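Engineer: As input, take target_32.cif (mmCIF, C-alpha atoms):
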```
data_model
loop_
_atom_site.label_atom_id
_atom_site.label_comp_id
_atom_site.auth_asym_id
_atom_site.auth_seq_id
_atom_site.Cartn_x
_atom_site.Cartn_y
_atom_site.Cartn_z
CA MET A 1 -15.17 12.14 -7.34
CA ALA A 2 -18.30 12.32 -9.40
CA GLY A 3 -17.87 11.86 -13.11
CA SER A 4 -14.32 10.48 -13.04
CA SER A 5 -13.73 6.80 -13.54
CA ILE A 6 -11.22 4.78 -11.59
CA HIS A 7 -7.78 4.76 -13.18
CA PRO A 8 -6.13 1.38 -13.94
CA ASP A 9 -3.34 2.47 -11.57
CA GLN A 10 -5.78 1.72 -8.75
CA LYS A 11 -3.85 -1.57 -8.80
CA TYR A 12 -1.06 0.18 -6.88
CA ILE A 13 -3.51 1.26 -4.18
CA GLU A 14 -4.86 -2.28 -3.95
CA GLY A 15 -1.33 -3.66 -3.79
CA LEU A 16 -0.52 -1.32 -0.88
CA LEU A 17 -3.68 -2.46 0.88
CA MET A 18 -2.66 -6.08 0.39
CA ASN A 19 0.79 -5.21 1.73
CA SER A 20 2.22 -6.84 -1.39
CA PRO A 21 6.03 -6.71 -1.46
CA LEU A 22 5.94 -6.96 -5.26
CA VAL A 23 3.78 -3.87 -5.58
CA ILE A 24 5.67 -1.86 -2.98
CA LYS A 25 8.97 -2.77 -4.63
CA SER A 26 7.56 -1.80 -8.00
CA ILE A 27 6.52 1.61 -6.63
CA TYR A 28 10.05 2.13 -5.34
CA ASP A 29 11.61 1.09 -8.64
CA ARG A 30 9.29 3.05 -10.91
CA PHE A 31 8.24 6.18 -9.07
CA VAL A 32 10.58 6.87 -6.18
CA PRO A 33 13.67 7.85 -8.24
CA LYS A 34 11.79 10.87 -9.60
CA VAL A 35 10.93 11.98 -6.07
CA VAL A 36 14.53 11.53 -4.95
CA GLY A 37 15.71 13.61 -7.94
CA TYR A 38 13.26 16.38 -7.11
CA ILE A 39 14.15 16.54 -3.42
CA ASN A 40 17.87 16.41 -4.21
CA LYS A 41 17.45 19.41 -6.51
CA ASN A 42 15.48 21.31 -3.92
CA SER A 43 17.71 21.62 -0.87
CA GLY A 44 17.22 18.01 0.21
CA ASN A 45 19.07 14.74 0.14
CA GLU A 46 18.40 11.03 -0.17
CA ASP A 47 17.66 10.56 3.53
CA ALA A 48 15.04 13.29 3.41
CA ALA A 49 13.53 11.73 0.28
CA LYS A 50 13.41 8.33 1.98
CA ASP A 51 11.39 9.78 4.88
CA VAL A 52 9.03 11.74 2.61
CA VAL A 53 8.31 8.68 0.47
CA GLN A 54 7.61 6.50 3.50
CA GLU A 55 5.33 9.08 5.11
CA VAL A 56 3.37 9.55 1.90
CA LEU A 57 2.99 5.81 1.29
CA VAL A 58 1.78 5.28 4.87
CA ALA A 59 -0.73 8.11 4.43
CA ILE A 60 -1.94 6.66 1.11
CA TYR A 61 -2.34 3.25 2.78
CA ASN A 62 -4.41 4.79 5.58
CA GLN A 63 -6.60 6.75 3.20
CA ALA A 64 -7.16 3.67 1.08
CA LYS A 65 -7.97 1.54 4.09
CA HIS A 66 -10.16 3.94 6.01
CA LYS A 67 -11.49 6.36 3.41
CA GLY A 68 -11.75 4.05 0.40
CA LEU A 69 -9.34 6.10 -1.73
CA GLN A 70 -10.07 5.59 -5.43
CA LEU A 71 -7.52 6.80 -7.93
CA THR A 72 -8.92 8.78 -10.86
CA CYS A 73 -5.50 9.78 -12.22
CA PRO A 74 -2.15 8.05 -12.84
CA PHE A 75 -0.42 6.91 -9.64
CA ASP A 76 2.82 8.52 -10.84
CA ALA A 77 1.38 12.05 -10.93
CA TYR A 78 -0.57 11.64 -7.69
CA PHE A 79 2.31 10.18 -5.73
CA PHE A 80 4.78 12.74 -7.03
CA LEU A 81 2.50 15.65 -6.21
CA LEU A 82 1.91 14.38 -2.66
CA CYS A 83 5.65 13.91 -2.09
CA LYS A 84 6.38 17.33 -3.53
CA ARG A 85 3.83 19.05 -1.27
CA ARG A 86 5.09 17.11 1.73
CA TRP A 87 8.65 18.22 0.97
CA LEU A 88 7.65 21.86 0.43
CA ASN A 89 5.92 21.83 3.83
CA GLU A 90 9.07 20.41 5.36
CA ILE A 91 11.12 23.19 3.79
CA LYS A 92 8.72 25.86 5.01
CA LYS A 93 9.04 24.47 8.52
CA SER A 94 12.82 24.58 8.52
CA SER A 95 12.94 27.83 6.45
CA LEU A 96 15.43 26.46 3.96
CA LYS A 97 15.80 28.57 0.87
CA GLU A 98 16.41 28.24 -2.86
CA VAL A 99 13.57 25.97 -3.79
CA THR A 100 12.88 25.30 -7.43
CA ILE A 101 9.26 24.47 -8.01
CA ASN A 102 9.49 22.12 -10.93
CA GLU A 103 5.99 21.35 -12.15
CA GLU A 104 7.17 19.76 -15.36
CA VAL A 105 8.37 16.47 -13.93
CA VAL A 106 4.99 14.84 -14.40
CA SER A 107 1.87 16.09 -16.09
CA ILE A 108 -0.65 17.16 -13.49
CA ASN A 109 -4.28 17.34 -14.48
CA ASP A 110 -7.38 18.50 -12.61
CA ASP A 111 -8.17 15.04 -11.28
CA THR A 112 -4.68 14.76 -9.80
CA LEU A 113 -4.92 18.20 -8.20
CA GLN A 114 -8.35 17.49 -6.79
CA LEU A 115 -7.26 14.14 -5.37
CA ALA A 116 -4.13 15.71 -3.88
CA ASP A 117 -6.22 18.53 -2.34
CA GLU A 118 -8.60 15.98 -0.80
CA PHE A 119 -5.59 14.09 0.51
CA ASP A 120 -4.21 17.26 2.14
CA ILE A 121 -7.54 18.06 3.77
CA GLU A 122 -7.75 14.53 5.19
CA GLN A 123 -4.21 14.82 6.55
CA GLN A 124 -4.98 18.15 8.20
CA LYS A 125 -8.18 16.78 9.69
CA LYS A 126 -6.27 13.85 11.09
CA LEU A 127 -3.80 16.20 12.80
CA LEU A 128 -6.69 18.23 14.19
CA PHE A 129 -8.42 15.10 15.52
CA ASN A 130 -5.14 13.98 17.09
CA ARG A 131 -4.74 17.31 18.87
CA MET A 132 -8.33 17.34 20.12
CA PHE A 133 -8.13 13.71 21.23
CA GLN A 134 -5.23 14.68 23.47
CA LYS A 135 -7.42 17.32 25.10
CA LEU A 136 -10.04 14.76 26.16
CA GLY A 137 -10.04 13.60 29.77
CA ASP A 138 -8.08 10.43 30.61
CA ALA A 139 -11.25 8.41 31.23
CA CYS A 140 -12.55 9.15 27.73
CA LYS A 141 -9.16 8.53 26.14
CA ASP A 142 -8.82 5.12 27.82
CA LEU A 143 -12.36 4.09 27.03
CA LEU A 144 -12.14 5.08 23.36
CA LYS A 145 -8.76 3.41 22.93
CA SER A 146 -10.07 0.16 24.45
CA THR A 147 -13.32 0.35 22.50
CA PHE A 148 -11.68 0.69 19.12
CA GLU A 149 -8.85 -1.73 19.84
CA ILE A 150 -10.97 -4.49 21.31
CA LYS A 151 -14.17 -3.92 19.31
CA SER A 152 -16.36 -6.13 21.54
CA MET A 153 -18.15 -3.80 23.99
CA GLU A 154 -18.75 -6.70 26.40
CA GLU A 155 -14.99 -7.23 26.66
CA VAL A 156 -14.36 -3.50 27.03
CA ALA A 157 -16.90 -3.28 29.85
CA GLN A 158 -15.30 -6.25 31.57
CA LYS A 159 -11.79 -4.82 31.17
CA LEU A 160 -12.81 -1.45 32.60
CA GLY A 161 -14.94 -3.00 35.36
CA VAL A 162 -18.15 -1.22 34.33
CA SER A 163 -21.53 -2.42 33.08
CA TYR A 164 -22.10 -2.98 29.37
CA ALA A 165 -24.80 -0.29 29.27
CA TYR A 166 -22.52 2.22 30.98
CA ALA A 167 -19.62 1.44 28.60
CA ARG A 168 -21.88 1.96 25.56
CA LYS A 169 -23.30 5.19 26.89
CA LYS A 170 -19.92 6.55 27.90
CA LYS A 171 -18.45 5.64 24.51
CA SER A 172 -21.11 7.61 22.64
CA LEU A 173 -20.69 10.57 25.01
CA CYS A 174 -16.92 10.59 24.54
CA ILE A 175 -17.21 10.41 20.75
CA GLY A 176 -19.81 13.17 20.95
CA GLU A 177 -17.44 15.29 23.02
CA LEU A 178 -14.55 14.79 20.60
CA THR A 179 -16.87 15.59 17.67
CA ARG A 180 -18.00 18.80 19.35
CA MET A 181 -14.40 19.92 20.06
CA VAL A 182 -13.36 19.30 16.47
CA GLN A 183 -16.46 20.89 14.93
CA GLU A 184 -16.17 24.02 17.04
CA SER A 185 -12.51 24.62 16.23
CA SER A 186 -11.80 27.41 13.76
CA GLU A 187 -9.38 25.13 11.93
CA TYR A 188 -12.16 22.66 11.13
CA LYS A 189 -14.40 25.45 9.90
CA ASN A 190 -11.60 26.60 7.59
CA LEU A 191 -11.10 23.10 6.27
CA LYS A 192 -14.80 22.78 5.53
CA ALA A 193 -14.92 26.15 3.77
CA MET B 1 -26.07 16.63 19.85
CA ASN B 2 -28.23 15.25 22.63
CA GLU B 3 -27.30 12.15 24.59
CA LEU B 4 -30.06 9.99 23.18
CA ASP B 5 -29.11 10.84 19.62
CA LEU B 6 -25.48 10.04 20.38
CA GLU B 7 -26.46 6.59 21.62
CA LEU B 8 -28.57 6.08 18.52
CA TYR B 9 -25.69 7.08 16.23
CA ASP B 10 -23.42 4.63 17.95
CA ALA B 11 -25.91 1.79 17.91
CA TYR B 12 -26.55 2.38 14.20
CA LEU B 13 -22.84 2.37 13.36
CA ASP B 14 -22.29 -0.76 15.47
CA ASN B 15 -25.28 -2.38 13.78
CA THR B 16 -26.98 -3.15 17.07
CA LEU B 17 -30.34 -1.53 16.28
CA ASP B 18 -33.23 -3.92 15.60
CA PRO B 19 -34.68 -3.74 12.06
CA ALA B 20 -37.59 -1.49 13.04
CA ALA B 21 -35.38 0.97 14.91
CA LYS B 22 -32.92 0.93 12.02
CA LYS B 23 -35.66 1.85 9.58
CA THR B 24 -36.90 4.67 11.83
CA PHE B 25 -33.33 5.91 12.11
CA GLU B 26 -32.82 5.94 8.34
CA THR B 27 -36.12 7.72 7.74
CA ARG B 28 -35.12 10.37 10.27
CA LEU B 29 -31.79 10.80 8.46
CA LEU B 30 -33.74 11.70 5.34
CA ASP B 31 -36.25 13.98 7.03
CA ASP B 32 -34.21 15.77 9.66
CA THR B 33 -31.22 17.70 8.20
CA SER B 34 -29.79 18.68 11.55
CA PHE B 35 -29.95 15.05 12.77
CA ALA B 36 -28.26 13.90 9.54
CA GLU B 37 -25.49 16.50 9.80
CA SER B 38 -24.76 15.59 13.40
CA PHE B 39 -24.69 11.94 12.44
CA GLU B 40 -22.19 12.64 9.63
CA ALA B 41 -19.94 14.48 12.09
CA TYR B 42 -20.22 11.61 14.61
CA LYS B 43 -19.43 9.10 11.88
CA GLU B 44 -16.35 11.08 10.86
CA THR B 45 -15.04 11.03 14.44
CA SER B 46 -15.77 7.34 14.69
CA ALA B 47 -13.87 6.72 11.42
CA TYR B 48 -10.91 8.69 12.78
CA LEU B 49 -10.86 6.56 15.95
CA THR B 50 -11.06 3.37 13.91
CA GLU B 51 -8.06 4.50 11.88
CA LYS B 52 -6.15 5.46 15.01
CA PHE B 53 -6.74 2.33 17.07
CA SER B 54 -8.11 -0.52 14.95
CA ASP B 55 -6.27 -3.07 12.84
CA GLN B 56 -2.92 -2.04 14.27
CA GLU B 57 -1.49 -5.47 13.47
CA ASP B 58 -2.15 -5.02 9.75
CA PHE B 59 -0.79 -1.50 9.87
CA ASN B 60 2.38 -2.56 11.70
CA ALA B 61 2.94 -5.35 9.17
CA PHE B 62 2.61 -2.80 6.37
CA GLU B 63 5.01 -0.37 8.04
CA ASN B 64 7.60 -3.10 8.61
CA ASN B 65 7.37 -4.28 5.04
CA LEU B 66 7.69 -0.72 3.78
CA GLU B 67 10.68 -0.04 6.00
CA ASN B 68 12.49 -3.15 4.74
CA ILE B 69 11.82 -2.45 1.07
CA SER B 70 12.80 1.19 1.51
CA LYS B 71 16.05 0.21 3.22
CA GLU B 72 16.84 -2.28 0.49
CA HIS B 73 16.02 0.25 -2.24
CA PHE B 74 18.12 3.07 -0.85
CA THR B 75 21.07 0.85 0.06
CA LYS B 76 21.14 -0.67 -3.41
CA LYS B 77 21.05 2.75 -5.01
CA ALA B 78 23.85 4.22 -2.86
CA PRO B 79 25.87 6.32 -5.32
CA SER B 80 29.44 5.35 -5.99
CA SER B 81 32.02 7.98 -6.79
CA TYR B 82 32.71 9.10 -10.35
CA LYS B 83 36.21 7.64 -10.26
CA THR B 84 34.95 4.24 -9.12
CA GLU B 85 32.40 4.30 -11.93
CA ILE B 86 35.12 4.98 -14.51
CA TRP B 87 37.22 2.09 -13.21
CA LYS B 88 34.18 -0.16 -13.21
CA TYR B 89 33.50 0.62 -16.87
CA ALA B 90 37.16 0.17 -17.78
CA ALA B 91 37.23 -3.21 -16.06
CA ALA B 92 33.98 -4.24 -17.75
CA ILE B 93 35.31 -3.28 -21.18
CA ALA B 94 38.54 -5.20 -20.58
CA LEU B 95 36.54 -8.22 -19.50
CA LEU B 96 34.32 -8.02 -22.55
CA ILE B 97 37.32 -7.83 -24.87
CA THR B 98 38.87 -10.85 -23.18
CA ILE B 99 35.86 -13.13 -23.18
CA GLY B 100 33.73 -11.62 -25.94
CA GLY B 101 35.19 -13.87 -28.60
CA TYR B 102 34.31 -16.95 -26.61
CA PHE B 103 30.66 -15.96 -26.33
CA LEU B 104 30.42 -15.05 -30.00
CA MET B 105 31.72 -18.42 -31.03
CA ASP B 106 29.67 -20.31 -28.50
CA ASN B 107 26.43 -18.51 -29.40
CA ASP B 108 25.45 -18.87 -25.75
CA HIS B 109 21.91 -18.34 -24.51
CA PRO B 110 20.97 -16.30 -21.46
CA GLN B 111 20.64 -18.28 -18.25
CA TYR B 112 17.64 -18.55 -15.94
CA ASN B 113 19.73 -17.66 -12.91
CA ASP B 114 20.83 -14.39 -14.50
CA PHE B 115 17.24 -13.21 -14.65
CA ALA B 116 15.35 -15.01 -11.88
CA SER B 117 14.58 -12.65 -9.05
CA TYR B 118 11.68 -12.21 -6.69
CA PRO B 119 11.37 -10.33 -3.43
CA SER B 120 10.88 -11.93 -0.05
CA ILE B 121 7.20 -12.55 0.33
CA SER B 122 5.03 -11.41 3.18
CA LEU B 123 1.80 -13.31 3.69
CA VAL B 124 1.15 -12.73 7.37
CA GLN B 125 -0.59 -9.40 7.38
CA ARG B 126 -4.03 -10.13 8.66
CA SER B 127 -4.86 -9.88 12.32
CA SER B 128 -5.56 -13.62 12.40
CA GLY B 129 -1.78 -14.19 12.14
CA ASP B 130 -2.39 -17.43 10.20
CA LEU B 131 0.15 -20.07 11.15
CA ILE B 132 0.16 -21.76 7.73
CA ALA B 133 0.72 -18.39 6.05
CA LYS B 134 3.70 -17.80 8.32
CA LYS B 135 5.10 -21.25 7.47
CA ALA B 136 4.57 -20.66 3.72
CA GLU B 137 6.27 -17.29 3.99
CA ASN B 138 9.27 -18.68 5.87
CA ALA B 139 9.67 -21.66 3.54
CA PHE B 140 9.49 -19.45 0.44
CA ASN B 141 11.90 -16.87 1.79
CA ASN B 142 14.32 -19.62 2.83
CA LYS B 143 14.06 -21.05 -0.69
CA SER B 144 12.55 -24.33 0.56
CA PHE B 145 10.22 -24.33 -2.41
CA GLU B 146 8.76 -27.84 -2.05
CA GLU B 147 7.73 -27.06 1.49
CA ALA B 148 6.44 -23.63 0.41
CA THR B 149 4.35 -25.27 -2.32
CA SER B 150 2.66 -27.60 0.11
CA TYR B 151 1.80 -24.76 2.51
CA LEU B 152 0.58 -22.64 -0.41
CA ASN B 153 -1.62 -25.59 -1.45
CA GLU B 154 -3.24 -25.49 1.96
CA LEU B 155 -3.79 -21.75 1.80
CA LEU B 156 -5.19 -21.97 -1.71
CA ASN B 157 -7.64 -24.67 -0.65
CA ASN B 158 -9.35 -22.04 1.46
CA ASP B 159 -8.88 -19.20 -0.97
CA PRO B 160 -8.61 -20.74 -4.47
CA ASN B 161 -8.69 -17.47 -6.41
CA ASN B 162 -6.12 -15.57 -4.42
CA GLN B 163 -3.93 -14.21 -7.23
CA GLU B 164 -0.98 -13.42 -5.01
CA LEU B 165 -0.87 -16.97 -3.62
CA LEU B 166 -1.21 -18.45 -7.11
CA LEU B 167 1.70 -16.33 -8.33
CA TYR B 168 3.93 -17.43 -5.45
CA ARG B 169 2.98 -21.08 -5.93
CA GLY B 170 3.77 -20.69 -9.63
CA ILE B 171 7.23 -19.33 -8.81
CA ALA B 172 7.84 -22.04 -6.20
CA GLN B 173 6.89 -24.75 -8.70
CA ILE B 174 9.26 -23.38 -11.35
CA GLU B 175 12.00 -23.63 -8.76
CA THR B 176 11.08 -27.28 -8.11
CA GLU B 177 10.71 -27.88 -11.86
CA ALA B 178 7.02 -28.81 -11.63
CA TYR B 179 6.55 -26.79 -14.79
CA ALA B 180 3.07 -27.93 -15.90
CA ASN B 181 1.53 -27.04 -12.54
CA ALA B 182 3.50 -23.82 -12.39
CA TYR B 183 2.20 -22.68 -15.78
CA LYS B 184 -1.37 -23.58 -14.82
CA ASP B 185 -1.12 -21.18 -11.85
CA LEU B 186 0.72 -18.48 -13.76
CA ASP B 187 -1.65 -18.63 -16.75
CA LYS B 188 -4.58 -18.17 -14.41
CA VAL B 189 -2.97 -15.07 -12.87
CA ALA B 190 -1.84 -13.71 -16.26
CA ALA B 191 -5.38 -14.01 -17.62
CA GLY B 192 -6.81 -12.05 -14.71
CA SER B 193 -6.84 -8.33 -14.15
CA SER B 194 -4.96 -8.24 -10.86
CA VAL B 195 -1.83 -6.25 -10.26
CA TYR B 196 0.14 -9.50 -10.62
CA ASN B 197 -0.77 -10.41 -14.21
CA ASN B 198 2.38 -9.13 -15.90
CA GLU B 199 4.59 -10.52 -13.16
CA ALA B 200 2.95 -13.90 -13.86
CA LEU B 201 3.87 -13.59 -17.56
CA TRP B 202 7.42 -12.69 -16.63
CA GLN B 203 7.73 -15.65 -14.27
CA LYS B 204 6.31 -17.99 -16.92
CA ALA B 205 8.88 -16.69 -19.40
CA LEU B 206 11.59 -17.41 -16.83
CA GLY B 207 10.28 -20.96 -16.40
CA LEU B 208 10.49 -21.51 -20.14
CA LEU B 209 13.99 -20.03 -20.15
CA LYS B 210 14.94 -22.48 -17.41
CA GLN B 211 13.60 -25.29 -19.61
CA LYS B 212 15.64 -23.86 -22.50
CA ASN B 213 12.42 -23.54 -24.49
CA TYR B 214 13.61 -20.29 -26.04
CA ASN B 215 10.95 -19.86 -28.72
CA LYS B 216 8.04 -20.23 -26.33
CA CYS B 217 9.85 -17.97 -23.88
CA LYS B 218 10.01 -15.24 -26.56
CA LEU B 219 6.30 -15.63 -27.29
CA VAL B 220 5.45 -15.02 -23.65
CA LEU B 221 7.84 -12.08 -23.34
CA VAL B 222 6.24 -10.21 -26.22
CA GLU B 223 2.92 -10.35 -24.39
CA ILE B 224 4.28 -8.08 -21.66
CA PRO B 225 3.01 -4.58 -22.52
CA PRO B 226 5.18 -1.42 -22.49
CA MET B 227 3.21 -0.05 -19.52
CA ALA B 228 4.20 -3.04 -17.36
CA ASP B 229 6.87 -2.81 -14.70
CA GLU B 230 8.38 -5.96 -16.19
CA TYR B 231 8.63 -4.50 -19.71
CA ASN B 232 12.26 -3.37 -19.60
CA LYS B 233 13.65 -6.63 -18.29
CA ALA B 234 11.43 -8.55 -20.71
CA GLN B 235 12.88 -6.53 -23.60
CA ALA B 236 16.42 -7.06 -22.31
CA LEU B 237 15.86 -10.82 -22.21
CA LEU B 238 14.24 -10.78 -25.65
CA LYS B 239 17.29 -9.06 -27.10
CA LYS B 240 19.59 -11.69 -25.63
CA LEU B 241 17.42 -14.45 -27.04
#
```
Once you've parsed the file, please lay out its structure as structure tokens.
Structural biologist:
Amino acid sequence: MAGSSIHPDQKYIEGLLMNSPLVIKSIYDRFVPKVVGYINKNSGNEDAAKDVVQEVLVAIYNQAKHKGLQLTCPFDAYFFLLCKRRWLNEIKKSSLKEVTINEEVVSINDDTLQLADEFDIEQQKKLLFNRMFQKLGDACKDLLKSTFEIKSMEEVAQKLGVSYAYARKKKSLCIGELTRMVQESSEYKNLKA
Amino acid sequence: MNELDLELYDAYLDNTLDPAAKKTFETRLLDDTSFAESFEAYKETSAYLTEKFSDQEDFNAFENNLENISKEHFTKKAPSSYKTEIWKYAAAIALLITIGGYFLMDNDHPQYNDFASYPSISLVQRSSGDLIAKKAENAFNNKSFEEATSYLNELLNNDPNNQELLLYRGIAQIETEAYANAYKDLDKVAAGSSVYNNEALWQKALGLLKQKNYNKCKLVLVEIPPMADEYNKAQALLKKL
């Protein structure tokens, strides 16, 4: 985000990336109880809170690893807002009622909202990519999976019994096809808007 | 997106273009908006595929670690019933009345073992699956601290500024009572700006507590700032000292 500097709580993001038990434990001790309290008060229970927290931490890890997430707000506010939105989506899905939207638990500023919005967009894009990937033909799916798992195109070509040049060409065509499917979907256009 | 462009995008992202072709590619990115937009879209798809299929070993290690810590956290916090709580408090008060006099007279100091705690460590997270890291991790988690120290020495030889490894070696050396070396490691971590700096202060304070060097222990504890995760326990120990 232009203009905003990185918050010292970026240390939590780095700790997640390092898979540091100390940092993960500290997140659970410091920030998770608030999430559990919120979900308990809003038609949920501890098991639901446990799942929400894990899903959000996994998503933060992925965004940090693959999108270079940089925190411009306190981790507390960001994490709580993501968990809250995740839980509200869950409730909408199962049409539970009597939800109290308690915004006062942490102070939420513009940076936090913007980061959380970006996070949501990334999550929705990921779901869209997943759906479109499933629509690709098996040959493309297998080739892309091998290509990104193995990394060396020589090895991929050998594994699939094709020439190196063919594997490279086919890879770019398959990525091109997936890109086209995603870009042409109305959902993607809405996300970009 | 035409086929030739797609191949170019892929070659550029895989860094297989020769320097001249790379330069031409980058110039075209600046001059041709439609080419640049298509490239951005291609790059986004490629990033998605990397996330989906690459570095799965690291990701699985993270998920396992998270699952274990989550399980531990939620089991520990399992609520007990109101009645049980009342009985617990009653028992605690009775115990305090019985033995309180003894402690007052004895002017006892807090003990290292009452405060020393550290989670199981997890060092094997990189795809390389380093054997020494695995051995260090096992030794540390099995409380074989001398063995852990020697494996950590090996790891630190290759990565001398790794703050996490320094912290763990510091803890291991307090356990084996190699205090001077332990404090050297912990001071280095505490002086840095990593996520481990306050934990290093806390562990140093525990080392000094173990040595019964209460005054120095207090001096280290007061360095732990209110924002730190370790602040509350540091304050609790300070009060007891």
Engineer: What does the PyMOL selection byres ((chain B) within 8 of (chain A)) select in this file, as a compact mmCIF listing (two decimals) with C-alpha atoms, in the coordinates of the input?
Structural biologist:
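And here is the file that came out, selection22.txt:
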```txt
# COMPACT_ATOMS: atom_id res chain seq x y z
CA MET B 1 -26.07 16.63 19.85
CA GLU B 3 -27.30 12.15 24.59
CA LEU B 6 -25.48 10.04 20.38
CA GLU B 7 -26.46 6.59 21.62
CA TYR B 9 -25.69 7.08 16.23
CA ASP B 10 -23.42 4.63 17.95
CA ALA B 41 -19.94 14.48 12.09
CA TYR B 42 -20.22 11.61 14.61
CA THR B 45 -15.04 11.03 14.44
CA SER B 46 -15.77 7.34 14.69
CA ALA B 47 -13.87 6.72 11.42
CA TYR B 48 -10.91 8.69 12.78
CA LEU B 49 -10.86 6.56 15.95
CA THR B 50 -11.06 3.37 13.91
CA GLU B 51 -8.06 4.50 11.88
CA PHE B 53 -6.74 2.33 17.07
CA SER B 54 -8.11 -0.52 14.95
CA ASP B 55 -6.27 -3.07 12.84
CA ALA B 61 2.94 -5.35 9.17
CA PHE B 62 2.61 -2.80 6.37
CA GLU B 63 5.01 -0.37 8.04
CA ASN B 65 7.37 -4.28 5.04
CA LEU B 66 7.69 -0.72 3.78
CA GLU B 67 10.68 -0.04 6.00
CA ILE B 69 11.82 -2.45 1.07
CA SER B 70 12.80 1.19 1.51
CA HIS B 73 16.02 0.25 -2.24
CA PHE B 74 18.12 3.07 -0.85
CA TYR B 118 11.68 -12.21 -6.69
CA PRO B 119 11.37 -10.33 -3.43
CA SER B 120 10.88 -11.93 -0.05
CA ILE B 121 7.20 -12.55 0.33
CA SER B 122 5.03 -11.41 3.18
CA GLN B 125 -0.59 -9.40 7.38
CA SER B 194 -4.96 -8.24 -10.86
CA VAL B 195 -1.83 -6.25 -10.26
CA ASP B 229 6.87 -2.81 -14.70
```
Engineer: Assuming the chain letters and numbering stay as they are in my file, what does the PyMOL selection byres ((chain A and resi 116) around 10) actually select? List them as an mmCIF file with C-alpha atoms, in the frame of the given file.
Structural biologist:
```cif
data_model
loop_
_atom_site.group_PDB
_atom_site.id
_atom_site.type_symbol
_atom_site.label_atom_id
_atom_site.label_comp_id
_atom_site.auth_asym_id
_atom_site.auth_seq_id
_atom_site.Cartn_x
_atom_site.Cartn_y
_atom_site.Cartn_z
ATOM 1 C CA ALA A 77 1.380 12.050 -10.930
ATOM 2 C CA TYR A 78 -0.570 11.640 -7.690
ATOM 3 C CA PHE A 79 2.310 10.180 -5.730
ATOM 4 C CA PHE A 80 4.780 12.740 -7.030
ATOM 5 C CA LEU A 81 2.500 15.650 -6.210
ATOM 6 C CA LEU A 82 1.910 14.380 -2.660
ATOM 7 C CA ARG A 85 3.830 19.050 -1.270
ATOM 8 C CA ASP A 110 -7.380 18.500 -12.610
ATOM 9 C CA ASP A 111 -8.170 15.040 -11.280
ATOM 10 C CA THR A 112 -4.680 14.760 -9.800
ATOM 11 C CA LEU A 113 -4.920 18.200 -8.200
ATOM 12 C CA GLN A 114 -8.350 17.490 -6.790
ATOM 13 C CA LEU A 115 -7.260 14.140 -5.370
ATOM 14 C CA ASP A 117 -6.220 18.530 -2.340
ATOM 15 C CA GLU A 118 -8.600 15.980 -0.800
ATOM 16 C CA PHE A 119 -5.590 14.090 0.510
ATOM 17 C CA ASP A 120 -4.210 17.260 2.140
ATOM 18 C CA ILE A 121 -7.540 18.060 3.770
ATOM 19 C CA GLU A 122 -7.750 14.530 5.190
#
```
Engineer: Suppose you want the space between CA of Glu177 in chain B and CA of Gln211 in chain B; what is it in Å?
Structural biologist: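 We find that CA of Glu177 in chain B and CA of Gln211 in chain B lie 8.7 Å from each other.
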Engineer: With all atoms listed in the file as the atoms that count, which of A:Ile39, A:Ser152, A:Tyr188, A:Ile6 lies nearest to Phe75 in chain A?
Structural biologist: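 Checking each of A:Ile39, A:Ser152, A:Tyr188, A:Ile6 against Phe75 in chain A, counting all atoms listed in the file, the winner is A:Ile6.
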Engineer: Kindly indicate which residue among A:Ser5, A:Asn190, A:Ser43, A:Asp138 lies nearest to Lys92 in chain A, using only C-alpha atoms for the distances.
Structural biologist: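 So, comparing all the options, the nearest one is A:Ser43.
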Engineer: Just the residues within 10 Å of Phe115 in chain B, please, counting all atoms listed in the file, with nothing from its chain fewer than 4 positions along; format it as a ChimeraX atom specification.
Structural biologist: /B:110-111,203,206,209-210,233-234,236-237
Engineer: Can I get the selected residues back with C-alpha atoms, as an mmCIF file, keeping the file's coordinate frame?
Structural biologist:
```cif
data_model
loop_
_atom_site.group_PDB
_atom_site.id
_atom_site.type_symbol
_atom_site.label_atom_id
_atom_site.label_comp_id
_atom_site.auth_asym_id
_atom_site.auth_seq_id
_atom_site.Cartn_x
_atom_site.Cartn_y
_atom_site.Cartn_z
ATOM 1 C CA PRO B 110 20.970 -16.300 -21.460
ATOM 2 C CA GLN B 111 20.640 -18.280 -18.250
ATOM 3 C CA GLN B 203 7.730 -15.650 -14.270
ATOM 4 C CA LEU B 206 11.590 -17.410 -16.830
ATOM 5 C CA LEU B 209 13.990 -20.030 -20.150
ATOM 6 C CA LYS B 210 14.940 -22.480 -17.410
ATOM 7 C CA LYS B 233 13.650 -6.630 -18.290
ATOM 8 C CA ALA B 234 11.430 -8.550 -20.710
ATOM 9 C CA ALA B 236 16.420 -7.060 -22.310
ATOM 10 C CA LEU B 237 15.860 -10.820 -22.210
#
```
Engineer: What would the selection look like, as a VMD selection string, if the PyMOL selection byres ((chain B and resi 162-164) around 10) were run on the coordinates I just shared?
Structural biologist: (chain A and resid 15 18 20 22) or (chain B and resid 121 123 155 to 161 165 to 170 185 to 186 188 to 190 192 to 197 200)
Engineer: Just how far from CA of Ala20 in chain B is CA of Tyr164 in chain A, in Å to one decimal?
Structural biologist: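 Distance between the two atoms: 22.6 Å.
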Engineer: Which is closer to Lys216 in chain B than all the others in B:Leu13, B:Ala191, B:Ala36, B:Leu241, using all atoms listed in the file?
Structural biologist: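 Selected residue with least distance to Lys216 in chain B: B:Leu241.
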